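**Student:** Here you go, this is upload-v5.tsv (TSV, C-alpha atoms).
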chain	number	residue	atom	x	y	z
R	6	MET	CA	-15.28	-16.03	-1.96
R	7	PRO	CA	-13.64	-14.72	-5.15
R	8	ILE	CA	-11.71	-11.49	-5.32
R	9	SER	CA	-14.23	-8.73	-5.90
R	10	VAL	CA	-13.83	-5.41	-7.68
R	11	LEU	CA	-15.56	-2.40	-6.13
R	12	SER	CA	-16.83	0.47	-8.18
R	13	PRO	CA	-15.35	3.89	-7.44
R	14	ALA	CA	-18.68	4.85	-5.83
R	15	ASN	CA	-18.24	2.04	-3.27
R	16	ALA	CA	-14.52	2.44	-2.65
R	17	TYR	CA	-14.95	4.03	0.79
R	18	ASN	CA	-17.60	1.57	2.01
R	19	PRO	CA	-16.81	-0.43	5.17
R	20	GLY	CA	-15.69	-4.02	4.81
R	21	SER	CA	-11.90	-4.19	5.06
R	22	ASP	CA	-9.59	-3.38	7.97
R	23	LEU	CA	-6.47	-2.78	5.87
R	24	TRP	CA	-6.46	-0.53	2.80
R	25	ILE	CA	-3.34	-0.53	0.63
R	26	PHE	CA	-2.40	2.22	-1.80
R	27	ALA	CA	0.44	2.88	-4.24
R	28	GLU	CA	2.65	5.95	-3.84
R	29	LEU	CA	1.12	9.40	-4.48
R	30	GLU	CA	2.57	9.74	-7.99
R	31	GLU	CA	1.08	6.44	-9.16
R	32	SER	CA	-2.44	6.55	-7.72
R	33	ARG	CA	-5.29	9.01	-7.87
R	34	TRP	CA	-6.85	7.13	-4.94
R	35	THR	CA	-3.85	7.87	-2.75
R	36	GLN	CA	-4.23	11.55	-3.55
R	37	LYS	CA	-7.93	11.43	-2.65
R	38	VAL	CA	-7.56	9.52	0.61
R	39	ASP	CA	-4.72	11.81	1.71
R	40	TRP	CA	-7.26	14.60	2.19
R	41	HIS	CA	-9.22	12.43	4.67
R	42	LEU	CA	-5.97	11.68	6.51
R	43	ASN	CA	-5.07	15.36	6.95
R	44	PHE	CA	-2.34	15.15	4.30
R	45	GLN	CA	-0.17	12.77	6.33
R	46	ILE	CA	0.89	10.96	3.15
R	47	GLN	CA	1.99	14.19	1.45
R	48	LYS	CA	3.84	15.35	4.57
R	49	ASN	CA	5.68	12.04	4.82
R	50	SER	CA	6.71	12.15	1.16
R	51	GLN	CA	8.35	15.55	1.71
R	52	ARG	CA	10.34	14.76	4.83
R	53	PRO	CA	14.06	14.16	4.50
R	54	PRO	CA	15.37	10.71	5.39
R	55	LEU	CA	16.64	10.36	8.93
R	56	ALA	CA	20.40	10.58	9.27
R	57	PHE	CA	22.29	8.02	11.33
R	58	SER	CA	24.41	9.34	14.18
R	59	GLU	CA	28.03	8.22	14.38
R	60	GLU	CA	27.19	6.07	17.40
R	61	ILE	CA	24.48	4.19	15.49
R	62	ARG	CA	26.80	3.75	12.48
R	63	THR	CA	29.49	2.29	14.77
R	64	THR	CA	26.99	-0.06	16.43
R	65	LEU	CA	25.61	-1.27	13.10
R	66	THR	CA	29.10	-1.89	11.76
R	67	ALA	CA	30.12	-3.74	14.95
R	68	CYS	CA	27.02	-5.95	14.65
R	69	GLU	CA	27.70	-6.50	10.93
R	70	LEU	CA	24.35	-4.96	9.97
R	71	SER	CA	23.73	-2.90	6.86
R	72	MET	CA	22.48	0.67	7.16
R	73	GLU	CA	20.24	0.06	4.12
R	74	ASP	CA	18.22	-2.40	6.24
R	75	PHE	CA	17.20	0.52	8.44
R	76	SER	CA	16.38	2.99	5.69
R	77	THR	CA	13.50	5.38	6.37
R	78	SER	CA	13.23	7.03	2.98
R	79	ALA	CA	9.68	7.80	1.83
R	80	GLU	CA	10.60	6.44	-1.63
R	81	THR	CA	11.42	2.95	-0.31
R	82	THR	CA	9.63	2.51	3.00
R	83	PRO	CA	5.87	1.85	3.41
R	84	LEU	CA	3.85	4.29	5.48
R	85	MET	CA	1.20	2.87	7.83
R	86	ILE	CA	-1.43	5.22	9.23
R	87	SER	CA	-4.08	4.45	11.84
R	88	SER	CA	-7.26	5.65	10.16
R	89	ARG	CA	-10.16	4.36	12.24
R	90	ARG	CA	-11.27	7.91	13.13
R	91	GLN	CA	-11.17	9.24	9.56
R	92	LEU	CA	-12.21	6.24	7.42
R	93	PRO	CA	-14.28	3.05	7.79
R	94	ASN	CA	-11.19	0.88	8.33
R	95	LYS	CA	-8.33	0.42	10.80
R	96	TRP	CA	-5.22	1.12	8.73
R	97	VAL	CA	-4.05	2.71	5.54
R	98	VAL	CA	-0.70	1.61	4.13
R	99	VAL	CA	1.03	3.39	1.27
R	100	VAL	CA	3.50	1.05	-0.40
R	101	PRO	CA	6.02	2.54	-2.83
R	102	GLY	CA	7.44	0.68	-5.81
R	103	SER	CA	4.31	0.02	-7.84
R	104	LYS	CA	6.13	0.61	-11.14
R	105	ASN	CA	7.62	-2.87	-10.66
R	106	PHE	CA	4.11	-4.30	-10.31
R	107	ARG	CA	4.80	-8.00	-9.64
R	108	GLN	CA	7.38	-7.12	-7.00
R	109	TRP	CA	4.90	-4.64	-5.47
R	110	VAL	CA	2.22	-7.35	-5.21
R	111	LYS	CA	4.76	-9.73	-3.65
R	112	TYR	CA	5.64	-7.08	-1.07
R	113	LEU	CA	1.92	-6.48	-0.34
R	114	TYR	CA	1.45	-10.19	0.25
R	115	GLN	CA	4.44	-10.39	2.61
R	116	MET	CA	3.25	-7.36	4.56
R	117	TRP	CA	-0.32	-8.70	4.74
R	118	THR	CA	0.86	-12.03	6.15
R	119	LYS	CA	3.10	-10.30	8.73
R	120	LEU	CA	0.02	-8.34	9.88
R	121	ASN	CA	-1.84	-11.66	10.45
R	122	GLU	CA	-3.92	-11.42	7.29
R	123	PRO	CA	-6.51	-8.75	8.12
R	124	SER	CA	-9.38	-8.16	5.71
R	125	LEU	CA	-7.84	-6.42	2.73
R	126	ARG	CA	-8.73	-3.81	0.12
R	127	VAL	CA	-6.16	-2.86	-2.52
R	128	PHE	CA	-6.47	0.39	-4.45
R	129	LEU	CA	-4.66	-0.34	-7.69
R	130	PRO	CA	-2.23	2.09	-9.32
R	131	VAL	CA	-3.24	4.05	-12.42
R	132	GLY	CA	-3.58	1.86	-15.50
R	133	VAL	CA	-3.40	-1.50	-13.71
R	134	VAL	CA	-6.24	-3.88	-14.55
R	135	ALA	CA	-7.81	-6.25	-12.03
R	136	ASN	CA	-6.69	-9.31	-14.00
R	137	SER	CA	-3.03	-8.32	-13.59
R	138	PHE	CA	-3.38	-8.10	-9.83
R	139	VAL	CA	-5.37	-11.34	-9.54
R	140	GLU	CA	-2.81	-13.20	-11.66
R	141	SER	CA	0.10	-11.96	-9.53
R	142	TRP	CA	-1.77	-12.54	-6.25
R	143	ASN	CA	-2.75	-16.09	-7.15
R	144	LEU	CA	0.91	-16.99	-7.66
R	145	LEU	CA	1.47	-16.11	-3.99
R	146	SER	CA	-1.73	-16.96	-2.14
R	147	ALA	CA	-4.80	-19.16	-2.32
R	148	SER	CA	-6.75	-16.54	-0.37
R	149	GLU	CA	-9.25	-14.62	-2.43
R	150	ASP	CA	-10.87	-12.83	0.47
R	151	LEU	CA	-10.03	-9.31	-0.64
R	152	THR	CA	-11.44	-6.45	-2.65
R	153	LEU	CA	-9.88	-4.34	-5.37
R	154	VAL	CA	-10.59	-0.77	-6.37
R	155	LEU	CA	-9.52	0.30	-9.84
R	156	ASP	CA	-8.45	3.75	-10.84
R	157	SER	CA	-11.62	5.42	-12.15
R	158	GLN	CA	-10.29	5.43	-15.73
R	159	THR	CA	-9.02	1.82	-15.75
R	160	LYS	CA	-11.15	-0.94	-17.22
R	161	THR	CA	-11.92	-4.12	-15.27
R	162	ARG	CA	-10.22	-6.47	-17.74
R	163	SER	CA	-7.39	-5.99	-20.18
R	164	ASN	CA	-9.63	-6.98	-23.13
R	165	GLU	CA	-12.34	-4.35	-22.52
Can the structure from this file be put into structure tokens for me?
**Tutor:**
Amino acid sequence: MPISVLSPANAYNPGSDLWIFAELEESRWTQKVDWHLNFQIQKNSQRPPLAFSEEIRTTLTACELSMEDFSTSAETTPLMISSRRQLPNKWVVVVPGSKNFRQWVKYLYQMWTKLNEPSLRVFLPVGVVANSFVESWNLLSASEDLTLVLDSQTKTRSNE
């Protein structure tokens, strides 16, 4: 089944377990869905990063691990929310870094495979056309069993 593009009117219809969004600043859809999720996305974006205690720093150094590998900053770390009670899906994931679009798609693919490839719906960032996503996705995966939702002001193809 080819990758399908949903209209904004059908964006919240059932059909995918995992919904992926860009960060709040880059997606009107993220802003809209945040209301349904009791503003958990907004709250997470405002929290300060967790500080490492001296004991954890010592342990990481002794194990030759980098503290950056354990970063919890809202600007660099995805946020996964169980949403089965608020939306017709199981999870919402907000993935930062959509300004570097190809890298963002690569990260989405890696995360999707680590989650055992659940049915997928991707809400594209503002200004990104479906063709750009499909092109990047096809470089990574042969799977086309997913749906896309464009920003309401973005055209389906770059030549429209």
**Student:** Of the residues R:Ser103, R:Ser71, R:Thr118, R:Gln108, which is the one nearest to Ser146 of chain R, using all atoms listed in the file?
**Tutor:** R:Thr118
**Student:** With only C-alpha atoms as the atoms that count, which of R:Ile25, R:Leu70, R:Val99, R:Ile61 lies nearest to Val154 of chain R?
**Tutor:**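 Looking only at the distances to Val154 of chain R, the closest residue turns out to be R:Ile25.
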**Student:** Nearest to Asn15 of chain R among R:Pro93, R:Pro130, R:Pro101, R:Pro123, with distances taken over all atoms listed in the file: which residue is it?
**Tutor:** R:Pro93
**Student:** Would you pick out the contacts of Arg107 of chain R at 12 Å or less, using only C-alpha atoms, so that residues sharing its chain but fewer than 5 positions from it are not included, and give the list as an MDAnalysis selection string?
**Tutor:** chainID R and resid 102 112:114 133 137:145
**Student:** What is the distance, in Å and to one decimal place, between atom CA of Arg89 of chain R and atom CA of Asp22 of chain R?
**Tutor:** 8.9 Å
**Student:** For atom CA of Trp117 of chain R and atom CA of Glu69 of chain R, quote the distance in Å rounded to one decimal.
**Tutor:**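 Here the two named atoms are 28.8 Å from each other.
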**Student:** For a test of reading the model, state the distance in Å between atom CA of Leu55 of chain R and atom CA of Thr35 of chain R, rounded to one decimal.
**Tutor:** 23.7 Å
**Student:** Near segment 17-20 of chain R, counting only C-alpha atoms, which residues have an atom at most 10 Å away, once you skip same-chain residues fewer than 4 positions from it, shown as an MDAnalysis selection string?
**Tutor:** chainID R and resid 11:13 24 38 92:94 124:126 151:152 154
**Student:** Would you write out those residues with C-alpha atoms, as a PDB file, keeping the file's coordinate frame?
**Tutor:**
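The resulting selection17.pdb:
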ATOM      1  CA  LEU R  11     -15.560  -2.400  -6.130  1.00  0.00           C
ATOM      2  CA  SER R  12     -16.830   0.470  -8.180  1.00  0.00           C
ATOM      3  CA  PRO R  13     -15.350   3.890  -7.440  1.00  0.00           C
ATOM      4  CA  TRP R  24      -6.460  -0.530   2.800  1.00  0.00           C
ATOM      5  CA  VAL R  38      -7.560   9.520   0.610  1.00  0.00           C
ATOM      6  CA  LEU R  92     -12.210   6.240   7.420  1.00  0.00           C
ATOM      7  CA  PRO R  93     -14.280   3.050   7.790  1.00  0.00           C
ATOM      8  CA  ASN R  94     -11.190   0.880   8.330  1.00  0.00           C
ATOM      9  CA  SER R 124      -9.380  -8.160   5.710  1.00  0.00           C
ATOM     10  CA  LEU R 125      -7.840  -6.420   2.730  1.00  0.00           C
ATOM     11  CA  ARG R 126      -8.730  -3.810   0.120  1.00  0.00           C
ATOM     12  CA  LEU R 151     -10.030  -9.310  -0.640  1.00  0.00           C
ATOM     13  CA  THR R 152     -11.440  -6.450  -2.650  1.00  0.00           C
ATOM     14  CA  VAL R 154     -10.590  -0.770  -6.370  1.00  0.00           C
TER      15      VAL R 154
END
